[in-house]
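Asker: What follows is the file coords.cif, containing mmCIF, C-alpha atoms:
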```
data_input
#
loop_
_atom_site.label_atom_id
_atom_site.label_comp_id
_atom_site.auth_asym_id
_atom_site.auth_seq_id
_atom_site.Cartn_x
_atom_site.Cartn_y
_atom_site.Cartn_z
CA MET A 130 96.40 116.39 83.65
CA GLN A 131 97.10 119.23 86.05
CA THR A 132 100.57 119.54 87.58
CA VAL A 133 102.33 121.09 90.54
CA THR A 134 105.77 122.69 90.41
CA LEU A 135 108.21 121.36 93.00
CA ASN A 136 110.70 123.56 94.82
CA ASN A 137 113.43 122.83 92.25
CA GLY A 138 111.23 123.58 89.23
CA VAL A 139 110.33 119.96 88.39
CA GLU A 140 106.74 119.51 87.19
CA MET A 141 104.80 116.72 88.92
CA PRO A 142 101.35 115.43 87.93
CA LEU A 143 98.69 116.18 90.52
CA LEU A 144 97.13 112.74 90.15
CA GLY A 145 98.91 109.45 89.64
CA PHE A 146 98.74 105.70 90.13
CA GLY A 147 100.04 103.88 93.21
CA VAL A 148 100.94 100.21 93.42
CA TYR A 149 101.10 99.66 97.19
CA GLN A 150 99.76 96.20 98.10
CA ILE A 151 99.34 95.15 94.48
CA PRO A 152 100.96 91.70 94.24
CA ALA A 153 103.97 91.58 91.93
CA GLU A 154 102.18 89.09 89.66
CA ASP A 155 99.33 91.58 89.11
CA THR A 156 101.36 94.77 88.95
CA GLU A 157 102.49 94.70 85.32
CA ARG A 158 98.93 94.34 84.05
CA ALA A 159 97.61 96.98 86.46
CA VAL A 160 100.27 99.53 85.53
CA SER A 161 99.79 98.84 81.82
CA GLU A 162 96.06 99.49 82.19
CA ALA A 163 96.73 102.61 84.25
CA LEU A 164 99.05 103.98 81.58
CA GLY A 165 96.39 103.17 79.00
CA ALA A 166 93.86 105.13 81.05
CA GLY A 167 96.10 108.20 80.95
CA TYR A 168 98.09 108.07 84.19
CA ARG A 169 101.65 109.33 83.85
CA LEU A 170 102.73 109.48 87.52
CA LEU A 171 103.64 106.02 88.86
CA ASP A 172 104.44 105.49 92.53
CA THR A 173 106.19 102.39 93.86
CA ALA A 174 108.79 101.52 96.53
CA ALA A 175 111.56 99.05 97.18
CA ALA A 176 109.46 97.77 100.10
CA TYR A 177 106.51 96.97 97.82
CA GLY A 178 108.42 94.24 96.00
CA ASN A 179 106.99 95.13 92.59
CA GLU A 180 109.49 97.53 91.02
CA GLU A 181 110.46 95.03 88.31
CA ALA A 182 106.84 94.61 87.26
CA VAL A 183 106.41 98.39 87.10
CA GLY A 184 109.51 98.55 84.93
CA ARG A 185 108.20 95.90 82.54
CA ALA A 186 104.94 97.80 82.13
CA ILE A 187 106.82 101.01 81.41
CA LYS A 188 109.01 99.31 78.82
CA SER A 189 106.11 97.62 77.02
CA SER A 190 103.96 100.77 77.02
CA GLY A 191 105.94 102.51 74.31
CA ILE A 192 105.38 105.82 76.12
CA ALA A 193 108.33 108.20 75.88
CA ARG A 194 110.31 108.38 79.10
CA GLU A 195 109.99 112.16 79.30
CA GLU A 196 106.20 111.80 79.46
CA LEU A 197 106.38 109.72 82.65
CA PHE A 198 106.98 110.71 86.25
CA VAL A 199 108.31 107.72 88.19
CA THR A 200 108.70 107.60 91.96
CA THR A 201 110.21 104.93 94.16
CA LYS A 202 111.32 104.89 97.78
CA LEU A 203 114.36 104.09 99.87
CA TRP A 204 113.99 101.74 102.82
CA VAL A 205 116.00 102.12 106.05
CA GLN A 206 119.67 101.36 105.37
CA ASP A 207 122.42 99.90 107.57
CA ALA A 208 125.88 101.45 107.93
CA PRO A 209 127.74 102.58 105.93
CA THR A 210 124.55 104.47 105.28
CA GLU A 211 125.60 106.69 102.40
CA ASP A 212 127.14 103.81 100.45
CA ASN A 213 124.14 101.57 101.08
CA THR A 214 121.71 104.31 100.07
CA ARG A 215 123.42 104.63 96.71
CA ARG A 216 123.42 100.84 96.34
CA ALA A 217 119.69 100.73 97.15
CA PHE A 218 119.01 103.49 94.62
CA GLU A 219 120.94 101.67 91.90
CA THR A 220 119.11 98.42 92.72
CA SER A 221 115.74 100.15 92.35
CA LEU A 222 116.81 101.86 89.14
CA ASN A 223 117.97 98.55 87.66
CA LYS A 224 114.73 96.80 88.65
CA LEU A 225 112.73 99.58 87.02
CA GLY A 226 114.95 99.48 83.93
CA LEU A 227 115.42 103.25 83.97
CA ASP A 228 118.37 105.62 83.77
CA HIS A 229 116.91 108.14 86.20
CA LEU A 230 114.06 108.68 88.64
CA ASP A 231 111.79 111.69 88.68
CA LEU A 232 111.36 111.47 92.46
CA TYR A 233 113.19 109.43 95.10
CA LEU A 234 111.64 109.38 98.57
CA MET A 235 113.01 108.31 101.94
CA HIS A 236 110.26 105.89 102.96
CA GLN A 237 110.53 106.18 106.76
CA PRO A 238 112.01 108.79 109.15
CA PHE A 239 114.20 106.22 110.92
CA GLY A 240 117.78 104.98 110.96
CA ASP A 241 120.55 107.35 109.93
CA VAL A 242 118.19 109.80 108.27
CA TYR A 243 120.92 112.39 107.72
CA GLY A 244 123.35 109.94 106.13
CA GLN A 245 120.60 108.70 103.86
CA TRP A 246 119.65 112.25 102.96
CA ARG A 247 123.24 113.27 102.15
CA ALA A 248 123.40 110.38 99.68
CA MET A 249 120.05 111.39 98.20
CA GLU A 250 121.25 114.99 97.86
CA ALA A 251 124.25 113.67 95.91
CA LEU A 252 121.99 111.66 93.61
CA ASN A 253 119.93 114.78 93.01
CA ARG A 254 123.00 116.87 92.19
CA GLU A 255 124.13 114.18 89.73
CA GLY A 256 120.75 114.37 87.98
CA VAL A 257 119.85 110.70 88.36
CA ALA A 258 117.15 111.64 90.87
CA LYS A 259 115.44 114.71 89.44
CA ALA A 260 113.85 115.46 92.80
CA VAL A 261 114.27 113.98 96.28
CA GLY A 262 111.86 113.96 99.17
CA VAL A 263 110.57 112.06 102.16
CA ALA A 264 107.55 110.09 103.32
CA ASN A 265 105.89 109.72 106.71
CA PHE A 266 107.80 112.64 108.23
CA TYR A 267 105.89 114.42 110.98
CA PRO A 268 106.47 118.19 111.39
CA ASP A 269 109.28 117.94 113.94
CA ARG A 270 111.25 115.46 111.82
CA LEU A 271 110.67 117.40 108.60
CA ILE A 272 111.70 120.79 109.99
CA ASP A 273 114.81 119.34 111.63
CA LEU A 274 115.84 117.76 108.32
CA ILE A 275 115.28 121.04 106.49
CA VAL A 276 117.28 123.03 109.04
CA ASN A 277 120.21 120.61 108.97
CA SER A 278 120.41 119.92 105.22
CA GLU A 279 121.45 121.72 102.07
CA ILE A 280 118.51 120.54 99.96
CA THR A 281 114.95 120.92 101.22
CA PRO A 282 112.79 117.87 100.48
CA ALA A 283 110.64 118.49 97.40
CA VAL A 284 107.81 116.23 98.60
CA ASN A 285 106.50 114.70 101.83
CA GLN A 286 104.19 111.75 101.18
CA ILE A 287 101.95 111.27 104.23
CA GLU A 288 98.65 109.71 105.24
CA THR A 289 96.02 112.20 104.04
CA HIS A 290 92.31 111.48 103.61
CA PRO A 291 88.96 112.95 104.73
CA PHE A 292 89.37 111.55 108.25
CA PHE A 293 92.98 112.76 108.66
CA GLN A 294 93.22 115.91 106.58
CA ARG A 295 96.59 117.43 107.62
CA ALA A 296 95.50 120.98 106.68
CA GLU A 297 97.72 122.78 109.21
CA TYR A 298 100.65 120.59 108.30
CA GLN A 299 100.07 121.32 104.64
CA ASP A 300 100.29 125.04 105.44
CA LEU A 301 103.59 124.46 107.25
CA MET A 302 104.98 122.47 104.33
CA ARG A 303 103.88 125.13 101.88
CA GLU A 304 105.70 127.71 103.99
CA HIS A 305 108.91 125.71 103.55
CA GLY A 306 108.39 124.82 99.90
CA VAL A 307 107.54 121.15 100.45
CA GLN A 308 104.78 119.58 98.33
CA ILE A 309 102.28 117.41 100.22
CA GLN A 310 101.40 114.05 98.68
CA SER A 311 98.72 111.72 99.98
CA TRP A 312 98.96 108.04 100.67
CA GLY A 313 95.83 106.22 101.76
CA GLY A 314 93.61 108.82 100.12
CA PHE A 315 90.59 106.54 100.44
CA ALA A 316 91.56 105.51 103.99
CA GLU A 317 91.39 101.95 102.61
CA GLY A 318 87.63 102.23 103.09
CA LYS A 319 87.87 102.65 106.84
CA ASN A 320 85.10 104.51 108.69
CA ASP A 321 82.77 103.40 105.86
CA LEU A 322 84.26 106.06 103.62
CA PHE A 323 82.66 104.79 100.41
CA THR A 324 79.16 105.02 101.90
CA ASN A 325 79.71 108.24 103.85
CA PRO A 326 76.41 110.20 103.58
CA LEU A 327 78.05 113.60 103.16
CA LEU A 328 80.45 112.49 100.44
CA ALA A 329 77.70 110.51 98.71
CA GLU A 330 75.35 113.52 98.71
CA ILE A 331 78.04 115.75 97.22
CA GLY A 332 78.71 113.11 94.60
CA LYS A 333 75.05 113.07 93.56
CA GLU A 334 75.22 116.77 92.72
CA PHE A 335 77.88 116.11 90.12
CA ASP A 336 76.94 112.55 89.15
CA LYS A 337 80.24 111.40 90.64
CA SER A 338 81.21 108.58 92.99
CA VAL A 339 82.45 109.04 96.54
CA ALA A 340 85.93 108.09 95.33
CA GLN A 341 85.82 110.83 92.70
CA VAL A 342 84.66 113.37 95.29
CA VAL A 343 87.58 112.44 97.55
CA LEU A 344 90.10 112.73 94.73
CA ARG A 345 88.62 116.07 93.63
CA TRP A 346 88.81 117.25 97.27
CA LEU A 347 92.48 116.25 97.51
CA THR A 348 93.57 117.69 94.18
CA GLN A 349 91.56 120.86 94.70
CA ARG A 350 93.55 121.38 97.90
CA GLY A 351 96.76 120.96 95.90
CA VAL A 352 97.47 117.53 97.39
CA VAL A 353 99.09 115.07 94.97
CA ALA A 354 97.06 111.84 95.04
CA ILE A 355 98.02 108.31 93.95
CA PRO A 356 94.92 106.10 94.09
CA LYS A 357 95.40 102.37 93.61
CA SER A 358 93.12 99.94 91.81
CA VAL A 359 93.46 96.66 89.95
CA ARG A 360 90.25 97.24 87.98
CA ALA A 361 90.48 99.11 84.68
CA GLU A 362 87.02 100.67 85.06
CA ARG A 363 87.94 102.05 88.48
CA MET A 364 91.23 103.44 87.15
CA ALA A 365 89.30 105.30 84.45
CA GLU A 366 86.85 106.61 87.05
CA ASN A 367 89.58 107.79 89.39
CA ILE A 368 91.33 109.88 86.76
CA ASP A 369 88.06 111.51 85.64
CA VAL A 370 87.96 114.17 88.34
CA PHE A 371 88.96 117.40 86.62
CA ASP A 372 85.61 118.22 85.02
CA PHE A 373 83.94 119.49 88.20
CA ARG A 374 84.84 121.68 91.14
CA LEU A 375 83.68 121.51 94.75
CA THR A 376 82.21 124.69 96.20
CA ASP A 377 83.66 126.46 99.23
CA GLU A 378 80.68 125.21 101.22
CA GLN A 379 81.30 121.62 100.16
CA MET A 380 84.99 121.88 101.00
CA ALA A 381 84.07 123.27 104.43
CA ALA A 382 81.58 120.46 104.99
CA ILE A 383 84.21 117.82 104.16
CA ALA A 384 86.55 119.53 106.62
CA THR A 385 84.17 118.53 109.43
CA LEU A 386 85.01 114.85 108.83
CA ASP A 387 88.56 115.33 110.12
CA THR A 388 89.35 113.30 113.26
CA GLY A 389 92.86 114.70 113.53
CA SER A 390 94.51 111.31 113.95
CA SER A 391 95.79 108.37 111.91
CA LEU A 392 93.54 105.47 111.01
CA PHE A 393 96.53 103.20 110.45
CA PHE A 394 99.53 103.53 112.77
CA ASP A 395 101.42 106.11 114.77
CA HIS A 396 105.01 106.89 113.83
CA HIS A 397 105.51 108.10 117.40
CA ASP A 398 104.52 104.75 118.92
CA PRO A 399 107.71 103.09 120.29
CA LYS A 400 106.57 99.63 119.18
CA MET A 401 105.90 100.82 115.64
CA VAL A 402 109.17 102.75 115.54
CA THR A 403 111.04 99.63 116.64
CA TRP A 404 109.35 97.47 114.00
CA LEU A 405 109.92 99.91 111.15
CA ALA A 406 113.45 100.90 112.13
CA LYS A 407 114.64 97.30 112.46
CA ARG A 408 112.94 95.91 109.36
CA ARG A 409 115.27 95.15 106.44
CA LEU A 410 114.48 94.20 102.87
CA ASP A 411 115.64 90.98 101.24
CA ALA A 412 117.38 92.60 98.31
#
```
Would you mind writing the file out in structure tokens?

Answerer:
Amino acid sequence: MQTVTLNNGVEMPLLGFGVYQIPAEDTERAVSEALGAGYRLLDTAAAYGNEEAVGRAIKSSGIAREELFVTTKLWVQDAPTEDNTRRAFETSLNKLGLDHLDLYLMHQPFGDVYGQWRAMEALNREGVAKAVGVANFYPDRLIDLIVNSEITPAVNQIETHPFFQRAEYQDLMREHGVQIQSWGGFAEGKNDLFTNPLLAEIGKEFDKSVAQVVLRWLTQRGVVAIPKSVRAERMAENIDVFDFRLTDEQMAAIATLDTGSSLFFDHHDPKMVTWLAKRRLDA
């Protein structure tokens, strides 16, 4: 497995396994199979409702803790924000059955972002969160957080796929020492991604699937990817992407697929902001 080095020296696998939208009753099996296939980066969130199942799979795997890189995410917290952020962190840690996290992300750029971040900075200084970062932060939000904080986020997990490539934003993040991570790397199949003629043709050259081409494209750009699957054969396929390399011409061709906009939702849309900012977890 290839890795990237975060801005505080922590090593992070370039390819991992995500559990978004995997039902809690299926998560333990899926994570166990993913670990068996060789994945060592696991990505979950308090909002996914499956942290306990991830924790059970980790415990039963027998894999040494230092070999794993575990990420979970903080949901929007009510006041007192700093106290509630620590409480939420401890709740997630207990559900996972761990004594530390490798990466703790702020899931949404809403609520008292700065209070939440101060608490996350404290967790990082204490060593219980080896790295801290954010998710779904657009450039203005990210730069403002960097300017007004002591610790620069190590990671920003954002929608990134062939139809929304975020290349300029990746350059900006790189300039500030923030690692880009993709969610929705397959665009959930939107725009007929899995039958896209260009991606399929490239795949034929290497005897690879469209999914493998997309993951090779992401990782070759230095984007951390966390594909999700509940099928063991697909998990094995998705991790088998480091034995070929796309040419400059192929990378340029894939760049032409970029639409420059989200296929899911807009974090600048007032209705979406209202929904996300007001949502609370039953925890």

Asker: Distance cut-off 12 Å, centre (111.6, 116.3, 101.7) in file coordinates, counting only C-alpha atoms: which residues qualify? Return them as a PyMOL selection string.

Answerer: chain A and resi 135-137+232-238+242-243+245-246+249-250+260-268+270-276+278-287+302-303+305-310

Asker: Neighbours of Asp372 in chain A within 12 Å (all atoms listed in the file; same-chain residues fewer than 6 positions away dropped), as an MDAnalysis selection string?

Answerer: chainID A and resid 130:131 335:337 341:342 345 349 366

Asker: Kindly give the distance, in Å, that separates CA of Arg215 in chain A and CA of Leu405 in chain A, rounded to a single decimal.

Answerer: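 Between these atoms lies a distance of 20.3 Å.
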
Asker: Can you find the residues with an atom no farther than 8 Å from (101.3, 102.1, 91.5), counting only C-alpha atoms, and report them as an MDAnalysis selection string?

Answerer: chainID A and resid 145:149 151 156 160 171:173 183 355:357

Asker: Would you export the selected residues with C-alpha atoms as a tab-separated table (two decimals), in the coordinates of the input, please?

Answerer:
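Final output, saved to selection_19.tsv:
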```
chain	number	residue	atom	x	y	z
A	145	GLY	CA	98.91	109.45	89.64
A	146	PHE	CA	98.74	105.70	90.13
A	147	GLY	CA	100.04	103.88	93.21
A	148	VAL	CA	100.94	100.21	93.42
A	149	TYR	CA	101.10	99.66	97.19
A	151	ILE	CA	99.34	95.15	94.48
A	156	THR	CA	101.36	94.77	88.95
A	160	VAL	CA	100.27	99.53	85.53
A	171	LEU	CA	103.64	106.02	88.86
A	172	ASP	CA	104.44	105.49	92.53
A	173	THR	CA	106.19	102.39	93.86
A	183	VAL	CA	106.41	98.39	87.10
A	355	ILE	CA	98.02	108.31	93.95
A	356	PRO	CA	94.92	106.10	94.09
A	357	LYS	CA	95.40	102.37	93.61
```

Asker: Could you expand the PyMOL selection byres ((chain A and resi 351) around 8) into the explicit residues it covers here, written as a list in words?

Answerer: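 This file gives the following for the PyMOL selection byres ((chain A and resi 351) around 8): Val133, Leu143, Ile309, Leu347, Thr348, Gln349, Arg350, Val352 and Val353 of chain A.
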
Asker: What's the separation between CA of Trp346 in chain A and CA of Ala163 in chain A, in Å to one decimal place?

Answerer: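 Computing it gives 21.1 Å between the two atoms.
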
Asker: Residues near Arg295 in chain A, anyone? I mean within 10 Å using all atoms listed in the file, not counting same-chain ones fewer than 5 positions away, as a ChimeraX atom specification.

Answerer: /A:287-290,300-301,309,311,387,389-390

Asker: Nearest residue to Gly165 in chain A out of A:Gly226, A:Gly318, A:Gly191, A:Pro209, using all atoms listed in the file?

Answerer: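 Among the listed residues, the smallest separation from Gly165 in chain A belongs to A:Gly191.
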
Asker: Select, from A:Ala316, A:Val139, A:Ala258, A:Ala251, the residue with the minimum atom-to-atom distance to Phe393 in chain A, counting all atoms listed in the file.

Answerer: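 Closest candidate: A:Ala316.
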
Asker: Could you tell me how far CA of Tyr177 in chain A lies from CA of Ser221 in chain A, in Å and to one decimal?

Answerer: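 Rounded to one decimal, the two atoms are 11.2 Å apart.
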
Asker: Which one of A:Val359, A:Val370, A:Val205, A:Ala365 sits closest to Phe239 in chain A if you count all atoms listed in the file?

Answerer: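 Looking only at the distances to Phe239 in chain A, the closest residue turns out to be A:Val205.
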
Asker: Would you mind telling me which residue in A:Gly184, A:Lys333, A:Asn325, A:Gly240 lies nearest to Gln206 in chain A when using all atoms listed in the file?

Answerer: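 Residue with the minimum atom-to-atom distance to Gln206 in chain A: A:Gly240.
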
Asker: Nearest to Glu211 in chain A: which of A:Ala406, A:Leu252, A:Thr385, A:Phe373 is it, counting only C-alpha atoms?

Answerer: A:Leu252

Asker: With distances taken over all atoms listed in the file, which of A:Leu410, A:Ala175, A:Ala329, A:Met380 is nearest to Thr220 in chain A?

Answerer: A:Ala175

Asker: Kindly resolve the PyMOL selection byres ((chain A and resi 384) around 10) on the present coordinates and return the residues as a PDB file with C-alpha atoms, in the frame of the given file.

Answerer:
```
ATOM      1  CA  PRO A 291      88.960 112.950 104.730  1.00  0.00           C
ATOM      2  CA  PHE A 292      89.370 111.550 108.250  1.00  0.00           C
ATOM      3  CA  PHE A 293      92.980 112.760 108.660  1.00  0.00           C
ATOM      4  CA  GLN A 294      93.220 115.910 106.580  1.00  0.00           C
ATOM      5  CA  ALA A 296      95.500 120.980 106.680  1.00  0.00           C
ATOM      6  CA  TRP A 346      88.810 117.250  97.270  1.00  0.00           C
ATOM      7  CA  GLU A 378      80.680 125.210 101.220  1.00  0.00           C
ATOM      8  CA  GLN A 379      81.300 121.620 100.160  1.00  0.00           C
ATOM      9  CA  MET A 380      84.990 121.880 101.000  1.00  0.00           C
ATOM     10  CA  ALA A 381      84.070 123.270 104.430  1.00  0.00           C
ATOM     11  CA  ALA A 382      81.580 120.460 104.990  1.00  0.00           C
ATOM     12  CA  ILE A 383      84.210 117.820 104.160  1.00  0.00           C
ATOM     13  CA  THR A 385      84.170 118.530 109.430  1.00  0.00           C
ATOM     14  CA  LEU A 386      85.010 114.850 108.830  1.00  0.00           C
ATOM     15  CA  ASP A 387      88.560 115.330 110.120  1.00  0.00           C
ATOM     16  CA  THR A 388      89.350 113.300 113.260  1.00  0.00           C
TER      17      THR A 388
END
```

Asker: Quick one: apply the PyMOL selection byres ((chain A and resi 158) around 10) to the file and drop the selected residues here as number ranges by chain.

Answerer: A: 153-157, 159-164, 182-183, 185-186, 359-361

Asker: How would the residues just picked look written out with C-alpha atoms as a PDB file, in the frame of the given file?

Answerer:
```pdb
ATOM      1  CA  ALA A 153     103.970  91.580  91.930  1.00  0.00           C
ATOM      2  CA  GLU A 154     102.180  89.090  89.660  1.00  0.00           C
ATOM      3  CA  ASP A 155      99.330  91.580  89.110  1.00  0.00           C
ATOM      4  CA  THR A 156     101.360  94.770  88.950  1.00  0.00           C
ATOM      5  CA  GLU A 157     102.490  94.700  85.320  1.00  0.00           C
ATOM      6  CA  ALA A 159      97.610  96.980  86.460  1.00  0.00           C
ATOM      7  CA  VAL A 160     100.270  99.530  85.530  1.00  0.00           C
ATOM      8  CA  SER A 161      99.790  98.840  81.820  1.00  0.00           C
ATOM      9  CA  GLU A 162      96.060  99.490  82.190  1.00  0.00           C
ATOM     10  CA  ALA A 163      96.730 102.610  84.250  1.00  0.00           C
ATOM     11  CA  LEU A 164      99.050 103.980  81.580  1.00  0.00           C
ATOM     12  CA  ALA A 182     106.840  94.610  87.260  1.00  0.00           C
ATOM     13  CA  VAL A 183     106.410  98.390  87.100  1.00  0.00           C
ATOM     14  CA  ARG A 185     108.200  95.900  82.540  1.00  0.00           C
ATOM     15  CA  ALA A 186     104.940  97.800  82.130  1.00  0.00           C
ATOM     16  CA  VAL A 359      93.460  96.660  89.950  1.00  0.00           C
ATOM     17  CA  ARG A 360      90.250  97.240  87.980  1.00  0.00           C
ATOM     18  CA  ALA A 361      90.480  99.110  84.680  1.00  0.00           C
TER      19      ALA A 361
END
```
